[in-house]
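Enquirer: To be precise about what I am sending: the file is called final02.cif and holds mmCIF, C-alpha atoms (C1' of nucleotides).
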data_final
loop_
_atom_site.label_atom_id
_atom_site.label_comp_id
_atom_site.auth_asym_id
_atom_site.auth_seq_id
_atom_site.Cartn_x
_atom_site.Cartn_y
_atom_site.Cartn_z
CA MET M 1 -24.39 0.24 -8.19
CA GLY M 2 -20.85 -1.12 -8.16
CA ALA M 3 -19.16 2.14 -7.18
CA SER M 4 -17.90 2.57 -3.63
CA LYS M 5 -19.33 5.45 -1.62
CA THR M 6 -15.90 6.82 -0.84
CA GLU M 7 -17.21 10.32 -0.08
CA HIS M 8 -18.87 9.05 3.08
CA PHE M 9 -15.62 7.97 4.68
CA SER M 10 -12.62 9.77 6.10
CA ALA M 11 -9.49 10.54 4.13
CA GLN M 12 -7.52 8.09 6.22
CA GLN M 13 -10.07 5.33 5.79
CA ASN M 14 -9.95 5.82 2.04
CA GLN M 15 -6.17 5.95 2.03
CA ILE M 16 -5.80 2.71 3.97
CA ALA M 17 -8.42 1.07 1.78
CA THR M 18 -6.60 2.18 -1.37
CA ILE M 19 -3.29 0.74 -0.20
CA ALA M 20 -4.88 -2.48 1.03
CA LYS M 21 -6.85 -2.86 -2.17
CA ALA M 22 -3.68 -2.60 -4.23
CA LEU M 23 -2.26 -5.51 -2.22
CA GLY M 24 -5.55 -7.38 -2.62
CA HIS M 25 -4.45 -9.46 -5.58
CA PRO M 26 -1.96 -12.34 -5.48
CA ALA M 27 -0.19 -11.12 -8.61
CA ARG M 28 0.48 -7.76 -7.01
CA VAL M 29 1.67 -9.44 -3.82
CA ALA M 30 4.00 -11.52 -5.99
CA ILE M 31 5.26 -8.40 -7.76
CA VAL M 32 6.05 -6.74 -4.43
CA GLU M 33 7.83 -9.88 -3.26
CA HIS M 34 9.86 -10.01 -6.45
CA LEU M 35 10.84 -6.37 -6.11
CA LEU M 36 11.83 -7.06 -2.53
CA LYS M 37 14.05 -9.91 -3.67
CA VAL M 38 15.82 -8.20 -6.55
CA ASN M 39 15.60 -4.68 -5.07
CA GLN M 40 14.69 -3.12 -8.42
CA CYS M 41 13.82 -4.34 -11.88
CA ILE M 42 12.03 -3.53 -15.12
CA CYS M 43 8.57 -4.61 -16.23
CA ASN M 44 9.83 -7.34 -18.54
CA ASP M 45 11.66 -9.06 -15.71
CA ILE M 46 8.34 -9.45 -13.94
CA VAL M 47 6.68 -10.67 -17.12
CA ASP M 48 9.33 -13.41 -17.24
CA GLU M 49 8.73 -14.20 -13.58
CA LEU M 50 4.92 -14.37 -13.44
CA PRO M 51 2.46 -16.37 -15.55
CA LEU M 52 0.68 -13.29 -16.87
CA ALA M 53 0.85 -11.42 -20.16
CA GLN M 54 2.75 -8.17 -20.50
CA PRO M 55 -0.30 -5.88 -20.63
CA THR M 56 -1.66 -7.51 -17.49
CA ILE M 57 1.60 -6.98 -15.61
CA SER M 58 1.69 -3.40 -16.84
CA GLN M 59 -1.81 -2.87 -15.47
CA HIS M 60 -0.90 -4.34 -12.08
CA LEU M 61 2.20 -2.15 -11.95
CA ARG M 62 0.09 0.91 -12.63
CA GLU M 63 -2.25 0.05 -9.77
CA LEU M 64 0.62 -0.50 -7.36
CA LYS M 65 2.07 2.82 -8.52
CA ASN M 66 -1.24 4.67 -8.18
CA ALA M 67 -1.54 3.39 -4.62
CA GLY M 68 2.01 4.61 -3.93
CA ILE M 69 3.34 1.15 -3.14
CA ILE M 70 5.93 1.20 -5.92
CA GLN M 71 7.59 3.90 -7.94
CA GLY M 72 9.07 3.90 -11.42
CA THR M 73 12.02 5.79 -12.76
CA ILE M 74 12.55 6.13 -16.50
CA GLU M 75 15.95 4.83 -17.50
CA GLY M 76 16.37 5.29 -21.22
CA ASN M 77 14.39 2.55 -22.88
CA SER M 78 12.94 0.98 -19.79
CA ILE M 79 11.41 1.89 -16.46
CA CYS M 80 13.07 0.91 -13.23
CA TYR M 81 10.52 -0.10 -10.62
CA CYS M 82 11.09 -0.41 -6.91
CA ILE M 83 9.11 -0.42 -3.68
CA ASN M 84 8.23 2.89 -2.05
CA GLU M 85 9.00 2.26 1.59
CA ASN M 86 6.86 5.10 2.95
CA THR M 87 3.52 3.74 1.79
CA LEU M 88 4.01 0.23 3.16
CA ASP M 89 5.35 1.74 6.37
CA LEU M 90 2.15 3.75 6.65
CA LEU M 91 0.06 0.59 6.34
CA LYS M 92 2.34 -1.22 8.77
CA LYS M 93 1.91 1.48 11.39
CA TYR M 94 -1.84 1.59 10.92
CA ILE M 95 -2.28 -2.16 11.38
CA SER M 96 0.27 -2.29 14.18
CA ALA M 97 -1.73 0.31 16.11
CA ILE M 98 -4.87 -1.81 15.70
CA VAL M 99 -3.16 -5.00 16.82
CA LEU M 100 -1.64 -3.18 19.79
CA LYS M 101 -5.04 -1.97 20.95
CA LEU M 102 -6.55 -5.40 20.42
CA THR M 103 -4.27 -7.12 22.88
CA LYS M 104 -5.86 -5.06 25.60
CA ASN M 105 -9.38 -6.09 24.58
CA LYS M 106 -11.46 -9.15 25.16
CA CYS M 107 -13.44 -10.65 22.32
CA CYS M 108 -16.98 -12.07 22.43
CA MET P 1 -11.71 -12.43 -17.91
CA GLY P 2 -12.40 -10.91 -14.50
CA ALA P 3 -11.38 -13.90 -12.46
CA SER P 4 -8.00 -13.85 -10.74
CA LYS P 5 -5.53 -16.60 -11.60
CA THR P 6 -5.13 -17.55 -7.96
CA GLU P 7 -3.89 -21.04 -8.77
CA HIS P 8 -0.66 -19.64 -10.16
CA PHE P 9 0.38 -18.08 -6.88
CA SER P 10 1.53 -19.46 -3.55
CA ALA P 11 -0.80 -20.14 -0.62
CA GLN P 12 0.78 -17.31 1.33
CA GLN P 13 0.46 -14.84 -1.54
CA ASN P 14 -3.21 -15.72 -1.85
CA GLN P 15 -3.74 -15.50 1.89
CA ILE P 16 -2.17 -12.06 2.16
CA ALA P 17 -4.12 -10.88 -0.88
CA THR P 18 -7.37 -12.16 0.62
CA ILE P 19 -6.82 -10.32 3.90
CA ALA P 20 -5.67 -7.13 2.15
CA LYS P 21 -8.59 -7.29 -0.25
CA ALA P 22 -11.04 -7.45 2.64
CA LEU P 23 -9.52 -4.24 3.99
CA GLY P 24 -9.62 -2.73 0.52
CA HIS P 25 -12.88 -0.86 0.99
CA PRO P 26 -13.40 2.21 3.17
CA ALA P 27 -16.63 0.84 4.64
CA ARG P 28 -14.82 -2.25 5.85
CA VAL P 29 -12.00 -0.16 7.26
CA ALA P 30 -14.65 1.88 9.07
CA ILE P 31 -16.29 -1.29 10.41
CA VAL P 32 -12.96 -2.52 11.78
CA GLU P 33 -12.33 0.87 13.37
CA HIS P 34 -15.78 0.88 14.95
CA LEU P 35 -15.26 -2.62 16.34
CA LEU P 36 -11.93 -1.49 17.70
CA LYS P 37 -13.61 1.42 19.46
CA VAL P 38 -16.56 -0.41 21.00
CA ASN P 39 -14.75 -3.75 21.37
CA GLN P 40 -17.77 -5.72 20.17
CA CYS P 41 -21.19 -4.97 18.72
CA ILE P 42 -24.05 -6.26 16.60
CA CYS P 43 -24.74 -5.62 12.93
CA ASN P 44 -27.46 -3.04 13.59
CA ASP P 45 -25.09 -0.86 15.60
CA ILE P 46 -22.88 -0.60 12.52
CA VAL P 47 -25.90 0.13 10.35
CA ASP P 48 -26.65 3.08 12.66
CA GLU P 49 -23.03 4.19 12.46
CA LEU P 50 -22.35 4.02 8.71
CA PRO P 51 -24.28 5.55 5.80
CA LEU P 52 -25.07 2.22 4.19
CA ALA P 53 -28.15 0.02 4.13
CA GLN P 54 -28.46 -3.04 6.33
CA PRO P 55 -27.98 -5.62 3.53
CA THR P 56 -24.84 -3.79 2.42
CA ILE P 57 -23.38 -3.84 5.94
CA SER P 58 -24.28 -7.50 6.24
CA GLN P 59 -22.43 -8.18 3.00
CA HIS P 60 -19.34 -6.31 4.18
CA LEU P 61 -19.43 -8.19 7.49
CA ARG P 62 -19.52 -11.47 5.61
CA GLU P 63 -16.46 -10.53 3.59
CA LEU P 64 -14.54 -9.49 6.68
CA LYS P 65 -15.59 -12.77 8.30
CA ASN P 66 -14.62 -14.85 5.26
CA ALA P 67 -11.18 -13.24 5.32
CA GLY P 68 -10.88 -14.07 9.02
CA ILE P 69 -10.60 -10.44 10.10
CA ILE P 70 -13.69 -10.57 12.29
CA GLN P 71 -15.70 -13.29 13.94
CA GLY P 72 -19.34 -13.50 14.95
CA THR P 73 -20.94 -15.26 17.88
CA ILE P 74 -24.66 -15.90 17.96
CA GLU P 75 -26.25 -14.39 21.05
CA GLY P 76 -29.92 -15.10 21.05
CA ASN P 77 -31.52 -12.79 18.60
CA SER P 78 -28.41 -11.07 17.38
CA ILE P 79 -24.83 -11.80 16.39
CA CYS P 80 -21.95 -10.34 18.34
CA TYR P 81 -19.11 -9.32 16.06
CA CYS P 82 -15.55 -8.58 17.07
CA ILE P 83 -12.10 -8.42 15.55
CA ASN P 84 -10.06 -11.60 15.23
CA GLU P 85 -6.65 -10.53 16.40
CA ASN P 86 -4.75 -13.37 14.74
CA THR P 87 -5.54 -12.45 11.17
CA LEU P 88 -4.57 -8.80 11.46
CA ASP P 89 -1.45 -9.85 13.36
CA LEU P 90 -0.56 -12.08 10.44
CA LEU P 91 -0.86 -9.18 8.02
CA LYS P 92 1.05 -6.94 10.39
CA LYS P 93 3.94 -9.39 10.59
CA TYR P 94 4.01 -9.88 6.85
CA ILE P 95 4.20 -6.16 6.09
CA SER P 96 6.60 -5.51 8.96
CA ALA P 97 8.98 -8.07 7.50
CA ILE P 98 8.84 -6.31 4.14
CA VAL P 99 9.44 -2.87 5.64
CA LEU P 100 12.31 -4.23 7.71
CA LYS P 101 14.02 -5.62 4.63
CA LEU P 102 13.40 -2.39 2.73
CA THR P 103 15.35 -0.23 5.14
CA LYS P 104 18.43 -2.15 4.13
CA ASN P 105 17.82 -1.54 0.44
CA LYS P 106 18.39 1.37 -1.83
CA CYS P 107 15.73 2.40 -4.29
CA CYS P 108 16.19 3.52 -7.89
"C1'" DA I 1 -50.42 -16.47 18.97
"C1'" DA I 2 -49.11 -12.05 17.19
"C1'" DT I 3 -45.74 -8.69 16.77
"C1'" DA I 4 -41.23 -6.81 16.90
"C1'" DT I 5 -36.23 -7.26 16.39
"C1'" DT I 6 -32.13 -8.79 14.16
"C1'" DT I 7 -29.66 -10.62 10.52
"C1'" DA I 8 -29.17 -13.08 6.21
"C1'" DT I 9 -30.38 -14.01 1.48
"C1'" DC I 10 -32.25 -13.21 -3.15
"C1'" DG I 11 -32.61 -10.58 -7.13
"C1'" DT I 12 -31.06 -6.94 -9.77
"C1'" DA I 13 -28.72 -2.76 -11.61
"C1'" DA I 14 -24.53 -0.15 -12.01
"C1'" DT I 15 -19.85 -0.22 -12.02
"C1'" DA I 16 -15.14 -2.20 -11.42
"C1'" DT I 17 -11.67 -5.66 -12.08
"C1'" DT I 18 -9.02 -9.07 -14.51
"C1'" DG I 19 -6.84 -10.70 -18.46
"C1'" DC I 20 -5.18 -10.60 -23.08
"C1'" DA I 21 -4.56 -9.65 -28.24
"C1'" DA I 22 -3.54 -5.98 -31.03
"C1'" DT I 23 -1.45 -1.81 -31.45
"C1'" DA I 24 0.88 2.49 -30.21
"C1'" DT I 25 4.80 4.86 -28.21
"C1'" DT I 26 9.38 5.72 -27.02
"C1'" DA I 27 14.22 5.11 -26.94
"C1'" DA I 28 18.23 2.23 -28.07
"C1'" DA I 29 20.93 -0.28 -31.39
"C1'" DT I 30 22.27 -1.48 -35.94
"C1'" DA B 1 16.54 5.29 -41.55
"C1'" DT B 2 15.36 0.67 -39.96
"C1'" DT B 3 15.04 -2.57 -36.68
"C1'" DT B 4 14.84 -4.03 -32.00
"C1'" DA B 5 13.43 -3.61 -27.19
"C1'" DA B 6 10.52 -2.10 -23.46
"C1'" DT B 7 6.35 -0.37 -21.89
"C1'" DA B 8 1.80 1.67 -22.22
"C1'" DT B 9 -2.73 2.02 -24.19
"C1'" DT B 10 -6.93 0.52 -26.45
"C1'" DG B 11 -10.68 -2.44 -26.94
"C1'" DC B 12 -13.05 -6.22 -25.54
"C1'" DA B 13 -15.00 -10.34 -23.00
"C1'" DA B 14 -15.69 -12.61 -18.65
"C1'" DT B 15 -16.32 -12.11 -14.04
"C1'" DA B 16 -16.52 -9.68 -9.55
"C1'" DT B 17 -17.95 -6.01 -6.57
"C1'" DT B 18 -21.00 -2.67 -4.59
"C1'" DA B 19 -25.37 -1.23 -3.20
"C1'" DC B 20 -30.11 -1.70 -2.08
"C1'" DG B 21 -35.22 -3.09 -1.99
"C1'" DA B 22 -37.83 -6.95 -0.94
"C1'" DT B 23 -38.18 -10.84 1.58
"C1'" DA B 24 -37.02 -14.79 4.47
"C1'" DA B 25 -35.59 -16.90 8.87
"C1'" DA B 26 -34.97 -17.05 13.63
"C1'" DT B 27 -35.36 -15.48 18.16
"C1'" DA B 28 -37.42 -12.19 21.60
"C1'" DT B 29 -41.20 -9.64 23.39
"C1'" DT B 30 -45.88 -8.67 24.35
#
Show me the file's structure as structure tokens.
Expert:
Amino acid sequence: MGASKTEHFSAQQNQIATIAKALGHPARVAIVEHLLKVNQCICNDIVDELPLAQPTISQHLRELKNAGIIQGTIEGNSICYCINENTLDLLKKYISAIVLKLTKNKCC
Amino acid sequence: MGASKTEHFSAQQNQIATIAKALGHPARVAIVEHLLKVNQCICNDIVDELPLAQPTISQHLRELKNAGIIQGTIEGNSICYCINENTLDLLKKYISAIVLKLTKNKCC
DNA sequence: AATATTTATCGTAATATTGCAATATTAAAT
DNA sequence: ATTTAATATTGCAATATTACGATAAATATT
């Protein structure tokens, strides 16, 4: 196989998995951290920052964008990328709810 | 390629990516949710719960365990799995810190 | 001892991901 | 109009992931 059986799981489970998966690569974590530091920047700035080729960065940006973690606004020649707060907040709330419930549990 | 250039990124970036990656599949999200609901259970209980074969569940459990999200304790014949609070709390804190910083920023 | 139960591992097929060189696309600058 | 700059896309190779049948390993039950 190789393809996930996404149709067997709930919309929320797939949504959380999609967001988490997008963060599941150190380069994409580094991109998010860079965007957090500089607030907003263009693709080439990230190419200068990370040890990856331009097409690779572009691919990672697309995945972050598809997952809703970042957004890009066309500004003439370039595209201004920044973090979309809502998506990360959604993940934050989901995990926070889990951790909150866990403190009331006992583990084996 | 196909292999991530993990050596170019910080230990924390790799750690966060590893945890997020483990949550980056709906089946593993569903496993975590089931463990949250029943507190603790054995592999076969999850096999009965999800539409995946036993070796597939076992594989997903191993990945969750490798990422530190769950832990397993041998109990005679079976293995008792439960959520490891610390790892999810780590991810929670990391994302919370990002979201907190974001509220002070303006996006493009 | 034989059987059942539970989980892990092996092998394999299908698909996805990662990374980059080459190239295309689009808009700005000269 | 030509060149420059910024980004995306294409095509490809290497590797990883997902899924499962078959089987192994280890303990429990009869």
Enquirer: Selection in question (the file shown): the PyMOL selection byres ((chain P) within 10 of (chain I)). Which residues does it include, as a list in words?
Expert: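 Against this file, the PyMOL selection byres ((chain P) within 10 of (chain I)) returns the residues Met1, Gly2, Ala3, Ser4, Lys5, Ile42, Cys43, Asn44, Gln54, Pro55, Ser58, Gln59, Arg62, Gly76, Asn77, Ser78 and Ile79 of chain P.
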Enquirer: What does chain P look like once superposed on chain M, all Cα atoms paired in sequence order, least squares? Give it as a compact mmCIF listing (two decimals) with C-alpha atoms, in the coordinates of the input.
Expert:
# COMPACT_ATOMS: atom_id res chain seq x y z
CA MET P 1 -24.31 0.14 -8.08
CA GLY P 2 -20.71 -1.08 -8.16
CA ALA P 3 -19.11 2.19 -7.20
CA SER P 4 -17.88 2.62 -3.64
CA LYS P 5 -19.32 5.48 -1.60
CA THR P 6 -15.88 6.83 -0.83
CA GLU P 7 -17.16 10.32 -0.07
CA HIS P 8 -18.86 9.08 3.08
CA PHE P 9 -15.63 7.96 4.69
CA SER P 10 -12.63 9.78 6.12
CA ALA P 11 -9.48 10.54 4.13
CA GLN P 12 -7.52 8.08 6.24
CA GLN P 13 -10.08 5.31 5.80
CA ASN P 14 -9.95 5.82 2.05
CA GLN P 15 -6.17 5.94 2.04
CA ILE P 16 -5.82 2.70 3.98
CA ALA P 17 -8.43 1.05 1.78
CA THR P 18 -6.62 2.18 -1.36
CA ILE P 19 -3.29 0.74 -0.20
CA ALA P 20 -4.89 -2.50 1.04
CA LYS P 21 -6.86 -2.85 -2.17
CA ALA P 22 -3.69 -2.61 -4.23
CA LEU P 23 -2.28 -5.51 -2.22
CA GLY P 24 -5.55 -7.38 -2.62
CA HIS P 25 -4.46 -9.47 -5.58
CA PRO P 26 -1.96 -12.34 -5.49
CA ALA P 27 -0.19 -11.12 -8.62
CA ARG P 28 0.48 -7.77 -7.00
CA VAL P 29 1.66 -9.44 -3.82
CA ALA P 30 4.00 -11.51 -5.99
CA ILE P 31 5.26 -8.38 -7.76
CA VAL P 32 6.04 -6.72 -4.42
CA GLU P 33 7.82 -9.86 -3.24
CA HIS P 34 9.87 -10.02 -6.44
CA LEU P 35 10.85 -6.36 -6.11
CA LEU P 36 11.83 -7.04 -2.53
CA LYS P 37 14.06 -9.89 -3.65
CA VAL P 38 15.82 -8.18 -6.55
CA ASN P 39 15.63 -4.67 -5.06
CA GLN P 40 14.70 -3.12 -8.40
CA CYS P 41 13.81 -4.32 -11.88
CA ILE P 42 12.01 -3.52 -15.11
CA CYS P 43 8.54 -4.59 -16.21
CA ASN P 44 9.80 -7.33 -18.54
CA ASP P 45 11.65 -9.06 -15.71
CA ILE P 46 8.33 -9.44 -13.91
CA VAL P 47 6.68 -10.66 -17.09
CA ASP P 48 9.33 -13.41 -17.23
CA GLU P 49 8.72 -14.21 -13.57
CA LEU P 50 4.91 -14.36 -13.41
CA PRO P 51 2.45 -16.35 -15.53
CA LEU P 52 0.68 -13.29 -16.86
CA ALA P 53 0.85 -11.40 -20.14
CA GLN P 54 2.79 -8.17 -20.47
CA PRO P 55 -0.28 -5.86 -20.63
CA THR P 56 -1.64 -7.50 -17.49
CA ILE P 57 1.62 -6.96 -15.59
CA SER P 58 1.71 -3.38 -16.82
CA GLN P 59 -1.80 -2.88 -15.49
CA HIS P 60 -0.90 -4.33 -12.10
CA LEU P 61 2.20 -2.13 -11.95
CA ARG P 62 0.07 0.91 -12.62
CA GLU P 63 -2.27 0.05 -9.77
CA LEU P 64 0.60 -0.49 -7.36
CA LYS P 65 2.05 2.83 -8.53
CA ASN P 66 -1.27 4.67 -8.18
CA ALA P 67 -1.55 3.39 -4.62
CA GLY P 68 1.98 4.62 -3.92
CA ILE P 69 3.34 1.16 -3.13
CA ILE P 70 5.92 1.24 -5.91
CA GLN P 71 7.58 3.92 -7.95
CA GLY P 72 9.07 3.91 -11.43
CA THR P 73 12.02 5.81 -12.81
CA ILE P 74 12.56 6.12 -16.53
CA GLU P 75 15.97 4.80 -17.54
CA GLY P 76 16.42 5.17 -21.23
CA ASN P 77 14.43 2.48 -22.89
CA SER P 78 12.95 0.93 -19.81
CA ILE P 79 11.41 1.88 -16.48
CA CYS P 80 13.06 0.89 -13.24
CA TYR P 81 10.51 -0.10 -10.63
CA CYS P 82 11.07 -0.41 -6.91
CA ILE P 83 9.10 -0.41 -3.69
CA ASN P 84 8.22 2.89 -2.05
CA GLU P 85 8.99 2.26 1.58
CA ASN P 86 6.83 5.07 2.94
CA THR P 87 3.50 3.72 1.79
CA LEU P 88 3.98 0.22 3.16
CA ASP P 89 5.33 1.74 6.38
CA LEU P 90 2.12 3.72 6.64
CA LEU P 91 0.04 0.58 6.33
CA LYS P 92 2.31 -1.23 8.76
CA LYS P 93 1.88 1.48 11.38
CA TYR P 94 -1.86 1.59 10.91
CA ILE P 95 -2.30 -2.16 11.38
CA SER P 96 0.25 -2.29 14.19
CA ALA P 97 -1.75 0.31 16.08
CA ILE P 98 -4.89 -1.80 15.69
CA VAL P 99 -3.18 -4.99 16.83
CA LEU P 100 -1.66 -3.17 19.79
CA LYS P 101 -5.06 -1.96 20.93
CA LEU P 102 -6.56 -5.41 20.40
CA THR P 103 -4.26 -7.13 22.86
CA LYS P 104 -5.86 -5.05 25.57
CA ASN P 105 -9.36 -6.09 24.55
CA LYS P 106 -11.41 -9.16 25.12
CA CYS P 107 -13.38 -10.67 22.28
CA CYS P 108 -16.89 -12.11 22.38
Enquirer: For a test of reading the model, state the distance in Å between atom CA of Leu35 of chain P and atom CA of Ser10 of chain M, rounded to one decimal.
Expert: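 Between atom CA of Leu35 of chain P and atom CA of Ser10 of chain M the gap works out to 16.3 Å.
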Enquirer: Could you state the separation of atom CA of Ile74 of chain P and atom CA of Cys108 of chain M in Å, given to one decimal place?
Expert: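 Value for the atom CA of Ile74 of chain P-atom CA of Cys108 of chain M distance: 9.7 Å.
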Enquirer: The PyMOL selection byres ((chain B) within 8 of (chain P)) on the file shown: which residues, as an mmCIF file with C-alpha atoms (C1' of nucleotides), in the frame of the given file?
Expert:
data_model
loop_
_atom_site.group_PDB
_atom_site.id
_atom_site.type_symbol
_atom_site.label_atom_id
_atom_site.label_comp_id
_atom_site.auth_asym_id
_atom_site.auth_seq_id
_atom_site.Cartn_x
_atom_site.Cartn_y
_atom_site.Cartn_z
ATOM 1 C "C1'" DA B 13 -15.000 -10.340 -23.000
ATOM 2 C "C1'" DA B 14 -15.690 -12.610 -18.650
ATOM 3 C "C1'" DT B 15 -16.320 -12.110 -14.040
ATOM 4 C "C1'" DA B 16 -16.520 -9.680 -9.550
ATOM 5 C "C1'" DA B 19 -25.370 -1.230 -3.200
ATOM 6 C "C1'" DC B 20 -30.110 -1.700 -2.080
ATOM 7 C "C1'" DA B 26 -34.970 -17.050 13.630
ATOM 8 C "C1'" DT B 27 -35.360 -15.480 18.160
ATOM 9 C "C1'" DA B 28 -37.420 -12.190 21.600
#
Enquirer: Specify as a compact mmCIF listing (two decimals) with C-alpha atoms, in the frame of the given file each residue included when the PyMOL selection byres ((chain M) within 8 of (chain P)) is applied to this file.
Expert:
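And here is the file that came out, selection-v5.txt:
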# COMPACT_ATOMS: atom_id res chain seq x y z
CA SER M 4 -17.90 2.57 -3.63
CA THR M 6 -15.90 6.82 -0.84
CA HIS M 8 -18.87 9.05 3.08
CA PHE M 9 -15.62 7.97 4.68
CA GLN M 13 -10.07 5.33 5.79
CA ASN M 14 -9.95 5.82 2.04
CA ILE M 16 -5.80 2.71 3.97
CA ALA M 17 -8.42 1.07 1.78
CA THR M 18 -6.60 2.18 -1.37
CA ILE M 19 -3.29 0.74 -0.20
CA ALA M 20 -4.88 -2.48 1.03
CA LYS M 21 -6.85 -2.86 -2.17
CA ALA M 22 -3.68 -2.60 -4.23
CA LEU M 23 -2.26 -5.51 -2.22
CA GLY M 24 -5.55 -7.38 -2.62
CA HIS M 25 -4.45 -9.46 -5.58
CA PRO M 26 -1.96 -12.34 -5.48
CA ALA M 27 -0.19 -11.12 -8.61
CA VAL M 29 1.67 -9.44 -3.82
CA ALA M 30 4.00 -11.52 -5.99
CA LEU M 36 11.83 -7.06 -2.53
CA ASN M 39 15.60 -4.68 -5.07
CA GLN M 40 14.69 -3.12 -8.42
CA PRO M 51 2.46 -16.37 -15.55
CA GLY M 72 9.07 3.90 -11.42
CA THR M 73 12.02 5.79 -12.76
CA CYS M 80 13.07 0.91 -13.23
CA TYR M 81 10.52 -0.10 -10.62
CA CYS M 82 11.09 -0.41 -6.91
CA ILE M 83 9.11 -0.42 -3.68
CA ASN M 84 8.23 2.89 -2.05
CA GLU M 85 9.00 2.26 1.59
CA LEU M 88 4.01 0.23 3.16
CA ASP M 89 5.35 1.74 6.37
CA LEU M 91 0.06 0.59 6.34
CA LYS M 92 2.34 -1.22 8.77
CA ILE M 95 -2.28 -2.16 11.38
CA SER M 96 0.27 -2.29 14.18
CA ILE M 98 -4.87 -1.81 15.70
CA VAL M 99 -3.16 -5.00 16.82
CA LYS M 101 -5.04 -1.97 20.95
CA LEU M 102 -6.55 -5.40 20.42
CA THR M 103 -4.27 -7.12 22.88
CA ASN M 105 -9.38 -6.09 24.58
CA LYS M 106 -11.46 -9.15 25.16
CA CYS M 107 -13.44 -10.65 22.32
CA CYS M 108 -16.98 -12.07 22.43
Enquirer: Kindly give the distance, in Å, that separates atom CA of Glu49 of chain M and atom CA of Ile31 of chain M, rounded to a single decimal.
Expert: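 Those two atoms sit 8.9 Å apart.
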Enquirer: Can segment 83-87 of chain P be brought up to all heavy atoms and written out as a PDB file, in the coordinates of the input?
Expert:
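Result file is rebuild.pdb:
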ATOM      1  N   ILE P  83     -13.281  -8.225  16.390  1.00  0.00           N
ATOM      2  CA  ILE P  83     -12.100  -8.420  15.550  1.00  0.00           C
ATOM      3  C   ILE P  83     -11.339  -9.680  15.966  1.00  0.00           C
ATOM      4  O   ILE P  83     -11.181  -9.951  17.149  1.00  0.00           O
ATOM      5  CB  ILE P  83     -11.164  -7.198  15.650  1.00  0.00           C
ATOM      6  CG1 ILE P  83     -11.894  -5.935  15.189  1.00  0.00           C
ATOM      7  CG2 ILE P  83      -9.907  -7.419  14.823  1.00  0.00           C
ATOM      8  CD1 ILE P  83     -11.096  -4.665  15.376  1.00  0.00           C
ATOM      9  N   ASN P  84     -10.915 -10.440  14.977  1.00  0.00           N
ATOM     10  CA  ASN P  84     -10.060 -11.600  15.230  1.00  0.00           C
ATOM     11  C   ASN P  84      -8.609 -11.134  15.159  1.00  0.00           C
ATOM     12  O   ASN P  84      -8.087 -10.849  14.083  1.00  0.00           O
ATOM     13  CB  ASN P  84     -10.336 -12.688  14.208  1.00  0.00           C
ATOM     14  CG  ASN P  84      -9.454 -13.909  14.404  1.00  0.00           C
ATOM     15  OD1 ASN P  84      -8.527 -13.904  15.208  1.00  0.00           O
ATOM     16  ND2 ASN P  84      -9.740 -14.959  13.670  1.00  0.00           N
ATOM     17  N   GLU P  85      -7.989 -11.084  16.298  1.00  0.00           N
ATOM     18  CA  GLU P  85      -6.650 -10.530  16.400  1.00  0.00           C
ATOM     19  C   GLU P  85      -5.636 -11.263  15.517  1.00  0.00           C
ATOM     20  O   GLU P  85      -4.759 -10.638  14.919  1.00  0.00           O
ATOM     21  CB  GLU P  85      -6.220 -10.613  17.866  1.00  0.00           C
ATOM     22  CG  GLU P  85      -4.995  -9.817  18.216  1.00  0.00           C
ATOM     23  CD  GLU P  85      -4.573 -10.113  19.652  1.00  0.00           C
ATOM     24  OE1 GLU P  85      -5.454 -10.256  20.515  1.00  0.00           O
ATOM     25  OE2 GLU P  85      -3.367 -10.232  19.885  1.00  0.00           O
ATOM     26  N   ASN P  86      -5.757 -12.562  15.435  1.00  0.00           N
ATOM     27  CA  ASN P  86      -4.750 -13.370  14.740  1.00  0.00           C
ATOM     28  C   ASN P  86      -4.541 -12.978  13.287  1.00  0.00           C
ATOM     29  O   ASN P  86      -3.416 -12.890  12.804  1.00  0.00           O
ATOM     30  CB  ASN P  86      -5.135 -14.852  14.818  1.00  0.00           C
ATOM     31  CG  ASN P  86      -5.143 -15.369  16.245  1.00  0.00           C
ATOM     32  OD1 ASN P  86      -4.358 -14.912  17.080  1.00  0.00           O
ATOM     33  ND2 ASN P  86      -6.039 -16.295  16.538  1.00  0.00           N
ATOM     34  N   THR P  87      -5.643 -12.738  12.608  1.00  0.00           N
ATOM     35  CA  THR P  87      -5.540 -12.450  11.170  1.00  0.00           C
ATOM     36  C   THR P  87      -4.840 -11.124  10.906  1.00  0.00           C
ATOM     37  O   THR P  87      -3.963 -11.036  10.045  1.00  0.00           O
ATOM     38  CB  THR P  87      -6.937 -12.444  10.541  1.00  0.00           C
ATOM     39  OG1 THR P  87      -7.558 -13.705  10.796  1.00  0.00           O
ATOM     40  CG2 THR P  87      -6.855 -12.226   9.052  1.00  0.00           C
TER      41      THR P  87
END
